[in-house]
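Containing PDB, C-alpha atoms: coords14.pdb.
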```pdb
ATOM      1  CA  MET A 122     111.830  89.877  53.668
ATOM      2  CA  ILE A 123     112.197  90.290  57.451
ATOM      3  CA  LYS A 124     108.949  88.440  58.054
ATOM      4  CA  ASN A 125     110.067  85.478  55.953
ATOM      5  CA  PHE A 126     113.523  85.454  57.513
ATOM      6  CA  LEU A 127     112.022  85.373  61.027
ATOM      7  CA  ALA A 128     109.692  82.561  59.958
ATOM      8  CA  ALA A 129     112.698  80.563  58.731
ATOM      9  CA  LEU A 130     114.486  81.285  62.016
ATOM     10  CA  GLN A 131     111.449  80.116  63.978
ATOM     11  CA  PHE A 132     111.220  76.880  62.035
ATOM     12  CA  LEU A 133     114.884  75.848  62.079
ATOM     13  CA  THR A 134     115.836  77.009  65.585
ATOM     14  CA  ILE A 135     114.454  77.459  69.083
ATOM     15  CA  LEU A 136     115.564  81.093  69.221
ATOM     16  CA  PRO A 137     112.925  83.275  70.919
ATOM     17  CA  VAL A 138     111.972  85.444  67.955
ATOM     18  CA  GLY A 139     108.216  85.261  68.439
ATOM     19  CA  LYS A 140     105.628  83.002  66.903
ATOM     20  CA  SER A 141     104.343  83.299  63.365
ATOM     21  CA  ARG A 142     100.598  83.257  62.865
ATOM     22  CA  GLU A 143     101.029  81.573  59.507
ATOM     23  CA  ALA A 144     102.532  78.193  58.641
ATOM     24  CA  PRO A 145     105.942  78.513  56.926
ATOM     25  CA  GLY A 146     105.722  78.264  53.148
ATOM     26  CA  PRO A 147     107.993  78.386  50.104
ATOM     27  CA  ARG A 148     108.867  82.040  50.726
ATOM     28  CA  VAL A 149     111.001  81.176  53.767
ATOM     29  CA  VAL A 150     113.185  78.675  51.887
ATOM     30  CA  PRO A 151     115.689  81.212  50.439
ATOM     31  CA  TYR A 152     116.552  82.390  53.970
ATOM     32  CA  PHE A 153     117.721  79.043  55.342
ATOM     33  CA  PRO A 154     121.430  79.839  54.665
ATOM     34  CA  LEU A 155     121.063  83.082  56.646
ATOM     35  CA  VAL A 156     119.609  81.110  59.551
ATOM     36  CA  GLY A 157     122.716  78.941  59.373
ATOM     37  CA  LEU A 158     124.901  82.026  59.570
ATOM     38  CA  ILE A 159     123.095  83.179  62.715
ATOM     39  CA  LEU A 160     123.626  79.744  64.277
ATOM     40  CA  GLY A 161     127.262  79.824  63.202
ATOM     41  CA  LEU A 162     127.849  83.256  64.716
ATOM     42  CA  LEU A 163     126.377  82.135  68.040
ATOM     43  CA  LEU A 164     128.395  78.918  67.885
ATOM     44  CA  ALA A 165     131.651  80.760  67.225
ATOM     45  CA  LEU A 166     130.938  83.200  70.052
ATOM     46  CA  ILE A 167     130.267  80.459  72.590
ATOM     47  CA  ASP A 168     133.257  78.472  71.335
ATOM     48  CA  THR A 169     135.590  81.460  71.769
ATOM     49  CA  VAL A 170     134.386  82.123  75.316
ATOM     50  CA  LEU A 171     134.533  78.491  76.431
ATOM     51  CA  GLN A 172     138.097  78.030  75.172
ATOM     52  CA  HIS A 173     139.192  80.180  78.125
ATOM     53  CA  ILE A 174     137.614  77.635  80.494
ATOM     54  CA  PHE A 175     137.834  74.143  78.970
ATOM     55  CA  SER A 176     140.138  72.133  76.745
ATOM     56  CA  LEU A 177     139.531  72.179  72.991
ATOM     57  CA  SER A 178     138.097  68.660  72.925
ATOM     58  CA  ILE A 179     135.529  69.488  75.602
ATOM     59  CA  VAL A 180     134.638  72.778  73.910
ATOM     60  CA  SER A 181     134.127  70.898  70.636
ATOM     61  CA  LEU A 182     131.723  68.530  72.364
ATOM     62  CA  ILE A 183     129.809  71.474  73.816
ATOM     63  CA  ASP A 184     129.660  72.995  70.328
ATOM     64  CA  ILE A 185     127.882  69.889  69.040
ATOM     65  CA  VAL A 186     125.477  69.898  71.978
ATOM     66  CA  PHE A 187     124.773  73.579  71.331
ATOM     67  CA  LEU A 188     123.916  72.971  67.662
ATOM     68  CA  THR A 189     121.684  70.064  68.625
ATOM     69  CA  VAL A 190     119.807  72.022  71.273
ATOM     70  CA  MET A 191     119.437  75.175  69.160
ATOM     71  CA  THR A 192     117.829  73.178  66.347
ATOM     72  CA  GLY A 193     115.658  71.089  68.669
ATOM     73  CA  ALA A 194     117.442  67.976  67.337
ATOM     74  CA  LEU A 195     115.124  68.297  64.333
ATOM     75  CA  HIS A 196     117.749  67.415  61.735
ATOM     76  CA  LEU A 197     119.268  64.580  63.772
ATOM     77  CA  ASP A 198     115.809  63.050  64.078
ATOM     78  CA  GLY A 199     115.537  63.243  60.297
ATOM     79  CA  LEU A 200     118.951  61.632  59.919
ATOM     80  CA  ALA A 201     117.969  58.655  62.073
ATOM     81  CA  ASP A 202     114.620  58.182  60.318
ATOM     82  CA  THR A 203     116.243  58.452  56.886
ATOM     83  CA  ALA A 204     118.928  55.897  57.714
ATOM     84  CA  ASP A 205     116.311  53.453  59.006
ATOM     85  CA  GLY A 206     114.223  53.907  55.871
ATOM     86  CA  LEU A 207     116.812  54.018  53.109
ATOM     87  CA  PHE A 208     118.906  51.150  54.421
ATOM     88  CA  SER A 209     115.895  48.886  54.956
ATOM     89  CA  HIS A 210     115.949  48.087  51.202
ATOM     90  CA  ARG A 211     112.152  48.143  50.992
ATOM     91  CA  THR A 212     109.703  49.562  48.456
ATOM     92  CA  LEU A 213     109.005  53.299  48.317
ATOM     93  CA  GLU A 214     105.787  52.963  50.314
ATOM     94  CA  GLU A 215     107.404  50.795  52.973
ATOM     95  CA  THR A 216     110.446  53.083  53.199
ATOM     96  CA  LEU A 217     108.259  56.143  53.753
ATOM     97  CA  LYS A 218     106.303  54.246  56.396
ATOM     98  CA  ILE A 219     109.504  53.320  58.244
ATOM     99  CA  MET A 220     110.647  56.960  58.175
ATOM    100  CA  LYS A 221     107.323  57.968  59.703
ATOM    101  CA  ASP A 222     107.822  55.583  62.628
ATOM    102  CA  SER A 223     108.884  57.491  65.748
ATOM    103  CA  ARG A 224     110.993  54.563  66.956
ATOM    104  CA  ILE A 225     114.690  54.446  66.093
ATOM    105  CA  GLY A 226     116.289  51.373  64.560
ATOM    106  CA  THR A 227     119.835  50.041  64.382
ATOM    107  CA  MET A 228     120.682  51.940  61.193
ATOM    108  CA  GLY A 229     119.348  55.164  62.625
ATOM    109  CA  LEU A 230     121.374  54.755  65.802
ATOM    110  CA  LEU A 231     124.550  53.982  63.877
ATOM    111  CA  ALA A 232     124.002  56.994  61.619
ATOM    112  CA  LEU A 233     123.699  59.274  64.666
ATOM    113  CA  ILE A 234     126.851  57.834  66.244
ATOM    114  CA  PHE A 235     128.868  58.130  63.032
ATOM    115  CA  VAL A 236     127.767  61.657  62.136
ATOM    116  CA  LEU A 237     128.183  63.065  65.647
ATOM    117  CA  SER A 238     131.590  61.396  65.989
ATOM    118  CA  ILE A 239     132.736  62.830  62.661
ATOM    119  CA  LYS A 240     131.555  66.287  63.714
ATOM    120  CA  TRP A 241     133.440  66.074  66.986
ATOM    121  CA  ALA A 242     136.613  64.859  65.269
ATOM    122  CA  GLY A 243     136.444  67.635  62.717
ATOM    123  CA  ILE A 244     135.712  70.459  65.153
ATOM    124  CA  SER A 245     138.350  69.206  67.588
ATOM    125  CA  SER A 246     140.929  69.395  64.805
ATOM    126  CA  LEU A 247     140.144  73.013  63.934
ATOM    127  CA  HIS A 248     142.776  75.536  64.993
ATOM    128  CA  GLU A 249     143.599  78.115  62.330
ATOM    129  CA  HIS A 250     140.476  80.042  61.219
ATOM    130  CA  ARG A 251     138.471  77.992  63.724
ATOM    131  CA  ALA A 252     135.828  80.659  64.372
ATOM    132  CA  PHE A 253     135.443  81.328  60.661
ATOM    133  CA  TYR A 254     134.710  77.677  59.900
ATOM    134  CA  LEU A 255     132.266  77.486  62.816
ATOM    135  CA  ILE A 256     130.369  80.392  61.275
ATOM    136  CA  LEU A 257     130.440  79.179  57.677
ATOM    137  CA  ILE A 258     129.710  75.472  57.891
ATOM    138  CA  PRO A 259     126.286  75.681  59.618
ATOM    139  CA  ALA A 260     125.289  78.116  56.855
ATOM    140  CA  TYR A 261     126.383  75.655  54.167
ATOM    141  CA  ALA A 262     124.470  72.852  55.919
ATOM    142  CA  ARG A 263     121.219  74.863  55.997
ATOM    143  CA  GLY A 264     121.878  75.959  52.435
ATOM    144  CA  THR A 265     121.500  72.331  51.385
ATOM    145  CA  PHE A 266     117.809  72.585  52.313
ATOM    146  CA  THR A 267     117.326  75.463  49.883
ATOM    147  CA  ILE A 268     119.205  73.642  47.124
ATOM    148  CA  ALA A 269     117.430  70.302  47.577
ATOM    149  CA  ILE A 270     113.994  71.934  47.703
ATOM    150  CA  HIS A 271     114.816  73.725  44.450
ATOM    151  CA  PHE A 272     115.958  70.634  42.551
ATOM    152  CA  LEU A 273     114.017  67.703  44.052
ATOM    153  CA  ASP A 274     110.317  66.867  44.337
ATOM    154  CA  TYR A 275     108.511  66.162  47.588
ATOM    155  CA  ILE A 276     107.463  62.513  47.563
ATOM    156  CA  ARG A 277     105.311  61.981  50.650
ATOM    157  CA  PRO A 278     101.796  61.753  49.135
ATOM    158  CA  GLU A 279      99.910  62.449  52.372
ATOM    159  CA  GLY A 280     101.983  65.565  52.964
ATOM    160  CA  GLY A 281     104.192  66.446  55.900
ATOM    161  CA  THR A 282     105.867  69.273  57.779
ATOM    162  CA  ALA A 283     108.307  70.019  54.958
ATOM    163  CA  GLY A 284     105.690  69.682  52.228
ATOM    164  CA  ALA A 285     104.734  73.348  52.555
ATOM    165  CA  PHE A 286     108.217  74.403  51.408
ATOM    166  CA  PHE A 287     107.845  72.838  47.979
ATOM    167  CA  GLY A 288     106.097  75.463  45.869
ATOM    168  CA  ALA A 289     105.610  75.503  42.127
ATOM    169  CA  ASN A 290     107.734  78.633  41.681
ATOM    170  CA  ARG A 291     111.346  77.411  41.543
ATOM    171  CA  ARG A 292     113.280  80.522  40.608
ATOM    172  CA  ILE A 293     117.057  80.501  40.555
ATOM    173  CA  ALA A 294     116.828  83.741  42.565
ATOM    174  CA  ASN A 295     115.707  81.627  45.531
ATOM    175  CA  LEU A 296     119.307  80.463  45.837
ATOM    176  CA  GLY A 297     120.582  84.039  46.082
ATOM    177  CA  TRP A 298     121.194  84.181  49.835
ATOM    178  CA  PHE A 299     123.381  81.113  49.594
ATOM    179  CA  LEU A 300     125.923  83.321  47.856
ATOM    180  CA  VAL A 301     126.593  85.040  51.200
ATOM    181  CA  PRO A 302     128.462  82.096  52.822
ATOM    182  CA  VAL A 303     130.051  81.280  49.452
ATOM    183  CA  ALA A 304     131.426  84.816  49.188
ATOM    184  CA  LEU A 305     132.687  84.694  52.780
ATOM    185  CA  SER A 306     134.426  81.371  52.115
ATOM    186  CA  LEU A 307     136.576  83.011  49.456
ATOM    187  CA  LEU A 308     138.284  84.967  52.229
ATOM    188  CA  LEU A 309     139.963  81.654  53.082
ATOM    189  CA  GLY A 310     141.673  81.648  49.687
ATOM    190  CA  SER A 311     142.409  78.213  48.232
ATOM    191  CA  ARG A 312     140.959  76.520  51.306
ATOM    192  CA  GLY A 313     137.663  78.255  50.656
ATOM    193  CA  ILE A 314     137.660  77.046  47.064
ATOM    194  CA  LEU A 315     138.354  73.498  48.240
ATOM    195  CA  LEU A 316     135.588  73.792  50.840
ATOM    196  CA  ASN A 317     133.114  74.725  48.105
ATOM    197  CA  GLY A 318     134.312  71.825  45.985
ATOM    198  CA  VAL A 319     133.752  69.349  48.810
ATOM    199  CA  PHE A 320     130.347  70.876  49.507
ATOM    200  CA  ILE A 321     129.285  70.475  45.884
ATOM    201  CA  GLY A 322     130.526  66.886  45.850
ATOM    202  CA  ILE A 323     128.592  65.922  48.986
ATOM    203  CA  VAL A 324     125.349  67.576  47.905
ATOM    204  CA  VAL A 325     125.454  66.219  44.353
ATOM    205  CA  LEU A 326     126.163  62.660  45.503
ATOM    206  CA  ILE A 327     123.437  62.612  48.148
ATOM    207  CA  THR A 328     120.759  64.304  46.035
ATOM    208  CA  LEU A 329     121.472  61.962  43.109
ATOM    209  CA  TYR A 330     121.232  59.031  45.506
ATOM    210  CA  TYR A 331     117.885  60.323  46.788
ATOM    211  CA  LYS A 332     116.645  60.767  43.219
ATOM    212  CA  ARG A 333     117.738  57.297  42.180
ATOM    213  CA  LYS A 334     116.557  55.554  45.334
ATOM    214  CA  LEU A 335     113.165  57.173  45.923
ATOM    215  CA  GLY A 336     112.666  59.685  43.145
ATOM    216  CA  GLY A 337     112.627  62.724  45.422
ATOM    217  CA  ILE A 338     112.917  63.867  49.008
ATOM    218  CA  THR A 339     111.059  64.183  52.327
ATOM    219  CA  GLY A 340     111.537  66.406  55.356
ATOM    220  CA  ASP A 341     113.520  63.680  57.126
ATOM    221  CA  MET A 342     115.806  63.353  54.128
ATOM    222  CA  LEU A 343     116.377  67.111  54.124
ATOM    223  CA  GLY A 344     117.521  66.885  57.734
ATOM    224  CA  ALA A 345     119.815  63.981  56.914
ATOM    225  CA  LEU A 346     121.323  65.898  53.991
ATOM    226  CA  GLY A 347     122.086  68.855  56.238
ATOM    227  CA  GLU A 348     123.621  66.749  58.999
ATOM    228  CA  VAL A 349     125.827  64.695  56.692
ATOM    229  CA  THR A 350     126.981  67.831  54.868
ATOM    230  CA  GLU A 351     127.787  69.579  58.137
ATOM    231  CA  ALA A 352     129.753  66.594  59.428
ATOM    232  CA  GLY A 353     131.620  66.169  56.151
ATOM    233  CA  LEU A 354     132.607  69.828  55.933
ATOM    234  CA  PHE A 355     133.773  69.964  59.553
ATOM    235  CA  LEU A 356     135.901  66.882  58.987
ATOM    236  CA  PHE A 357     137.356  68.309  55.782
ATOM    237  CA  ALA A 358     138.091  71.645  57.461
ATOM    238  CA  GLY A 359     139.774  69.851  60.329
ATOM    239  CA  VAL A 360     141.936  67.824  57.962
ATOM    240  CA  ILE A 361     143.124  70.730  55.810
ATOM    241  CA  VAL A 362     143.813  72.876  58.874
TER     242      VAL A 362
END
```

Structure translated into structure tokens:
Amino acid sequence: MIKNFLAALQFLTILPVGKSREAPGPRVVPYFPLVGLILGLLLALIDTVLQHIFSLSIVSLIDIVFLTVMTGALHLDGLADTADGLFSHRTLEETLKIMKDSRIGTMGLLALIFVLSIKWAGISSLHEHRAFYLILIPAYARGTFTIAIHFLDYIRPEGGTAGAFFGANRRIANLGWFLVPVALSLLLGSRGILLNGVFIGIVVLITLYYKRKLGGITGDMLGALGEVTEAGLFLFAGVIV
């Protein structure tokens, strides 16, 4: 368990927890929500400290920079590549080729601007239970990886970085650790229930779109799913607060 959790932490963050001798595989997937909780705890800690120094809007911007740096901008890169590919309206093969291109296009740039702006607006609007939302939402965002890997097929035929996560054994128990942030959200009462409802809505809509558009998912699309979910939940939390 600890070995797999550390492997998940190594893959999704730049935290100095050592280097794994083995490539991450399907066994690390259930621990992605826990990695999100660790990121959220660090985010909330830094946010609380910086509020004694800077205004809330500046602290919110630093929060976004912190999340980006701690994840090595991995998910934002996936967001840009996914936007360029999906909104090119090409065939499956051409779309996958566009996603593989390291250059960023207009759609990718716009997606980054929109998602980062929404995150900033949402976090800036958080007041009541601010630290709690900062802890929970990164966990929900990383939980989308576990959910999507469980329900969708990997569609890049030549393989890729995320291909190793898609094993044949798709047990419902793999979603077990996602219950941790869900249980914590219930401490928010009705707001927690609404948060879960919004989360379900975002994930269902995007995964169905992926299924309909391309028939499955890639590593870039996983990153995009996480980023859009995170932005949407921060905005929702900011609105209801």

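For the set A:Leu188, A:Ile123, A:Val325, A:Leu200, the residue with the smallest atom-to-atom gap to Ile225 in chain A is A:Leu200, counting only C-alpha atoms.
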
**OP:** Please evaluate the PyMOL selection byres ((chain A and resi 242) around 12) against the displayed coordinates and give the resulting residues as a list of chain:residue names.
**Re:** A:Leu177, A:Ser178, A:Ile179, A:Val180, A:Ser181, A:Leu182, A:Asp184, A:Ile185, A:Phe235, A:Val236, A:Leu237, A:Ser238, A:Ile239, A:Lys240, A:Trp241, A:Gly243, A:Ile244, A:Ser245, A:Ser246, A:Leu247, A:Ala352, A:Gly353, A:Leu354, A:Phe355, A:Leu356, A:Phe357, A:Ala358, A:Gly359, A:Val360

Residue neighbourhood Arg291 in chain A, 10 Å, only C-alpha atoms, exclusion window fewer than 2 positions, as an mmCIF file with C-alpha atoms, in the frame of the given file:
```cif
data_model
loop_
_atom_site.group_PDB
_atom_site.id
_atom_site.type_symbol
_atom_site.label_atom_id
_atom_site.label_comp_id
_atom_site.auth_asym_id
_atom_site.auth_seq_id
_atom_site.Cartn_x
_atom_site.Cartn_y
_atom_site.Cartn_z
ATOM 1 C CA PRO A 147 107.993 78.386 50.104
ATOM 2 C CA ILE A 270 113.994 71.934 47.703
ATOM 3 C CA HIS A 271 114.816 73.725 44.450
ATOM 4 C CA PHE A 272 115.958 70.634 42.551
ATOM 5 C CA PHE A 287 107.845 72.838 47.979
ATOM 6 C CA GLY A 288 106.097 75.463 45.869
ATOM 7 C CA ALA A 289 105.610 75.503 42.127
ATOM 8 C CA ILE A 293 117.057 80.501 40.555
ATOM 9 C CA ALA A 294 116.828 83.741 42.565
ATOM 10 C CA ASN A 295 115.707 81.627 45.531
ATOM 11 C CA LEU A 296 119.307 80.463 45.837
#
```

Determine, counting all atoms listed in the file, which protein, DNA and RNA residues have an atom within 12 Å of an atom of Ile268 in chain A; residues of the same chain fewer than 2 positions away are not included. Present the result as a CSV table (one decimal) with C-alpha atoms, in the frame of the given file.
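Heads up, here's the output in around.csv:
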```
chain,number,residue,atom,x,y,z
A,150,VAL,CA,113.2,78.7,51.9
A,151,PRO,CA,115.7,81.2,50.4
A,152,TYR,CA,116.6,82.4,54.0
A,153,PHE,CA,117.7,79.0,55.3
A,154,PRO,CA,121.4,79.8,54.7
A,261,TYR,CA,126.4,75.7,54.2
A,262,ALA,CA,124.5,72.9,55.9
A,263,ARG,CA,121.2,74.9,56.0
A,264,GLY,CA,121.9,76.0,52.4
A,265,THR,CA,121.5,72.3,51.4
A,266,PHE,CA,117.8,72.6,52.3
A,270,ILE,CA,114.0,71.9,47.7
A,271,HIS,CA,114.8,73.7,44.4
A,272,PHE,CA,116.0,70.6,42.6
A,273,LEU,CA,114.0,67.7,44.1
A,274,ASP,CA,110.3,66.9,44.3
A,286,PHE,CA,108.2,74.4,51.4
A,287,PHE,CA,107.8,72.8,48.0
A,291,ARG,CA,111.3,77.4,41.5
A,292,ARG,CA,113.3,80.5,40.6
A,293,ILE,CA,117.1,80.5,40.6
A,294,ALA,CA,116.8,83.7,42.6
A,295,ASN,CA,115.7,81.6,45.5
A,296,LEU,CA,119.3,80.5,45.8
A,297,GLY,CA,120.6,84.0,46.1
A,298,TRP,CA,121.2,84.2,49.8
A,299,PHE,CA,123.4,81.1,49.6
A,300,LEU,CA,125.9,83.3,47.9
A,320,PHE,CA,130.3,70.9,49.5
A,321,ILE,CA,129.3,70.5,45.9
A,324,VAL,CA,125.3,67.6,47.9
A,325,VAL,CA,125.5,66.2,44.4
A,327,ILE,CA,123.4,62.6,48.1
A,328,THR,CA,120.8,64.3,46.0
A,338,ILE,CA,112.9,63.9,49.0
A,343,LEU,CA,116.4,67.1,54.1
A,346,LEU,CA,121.3,65.9,54.0
A,347,GLY,CA,122.1,68.9,56.2
```

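Look at Ile219 in chain A: the protein and nucleic acid residues within 12 Å of it, using only C-alpha atoms and passing over chain neighbours fewer than 6 places away, are Gly199, Ala201, Asp202, Thr203, Ala204, Asp205, Gly206, Leu207, Phe208, Ser209, His210, Arg211, Thr212, Leu213, Ile225, Gly226, Met228, Gly229 and Asp341 of chain A.
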
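Reported to one decimal place, the separation of CA of Arg312 in chain A from CA of His196 in chain A is 27.0 Å.
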
Original post:
Quick one: residues within 9 Å of Ile256 in chain A, all atoms listed in the file counted, chain neighbours fewer than 2 positions away excluded, as a list of chain:residue names?
Top reply: A:Gly157, A:Leu158, A:Ile159, A:Leu160, A:Gly161, A:Leu162, A:Leu163, A:Leu164, A:Ala165, A:Arg251, A:Ala252, A:Phe253, A:Tyr254, A:Ile258, A:Pro259, A:Ala260, A:Pro302
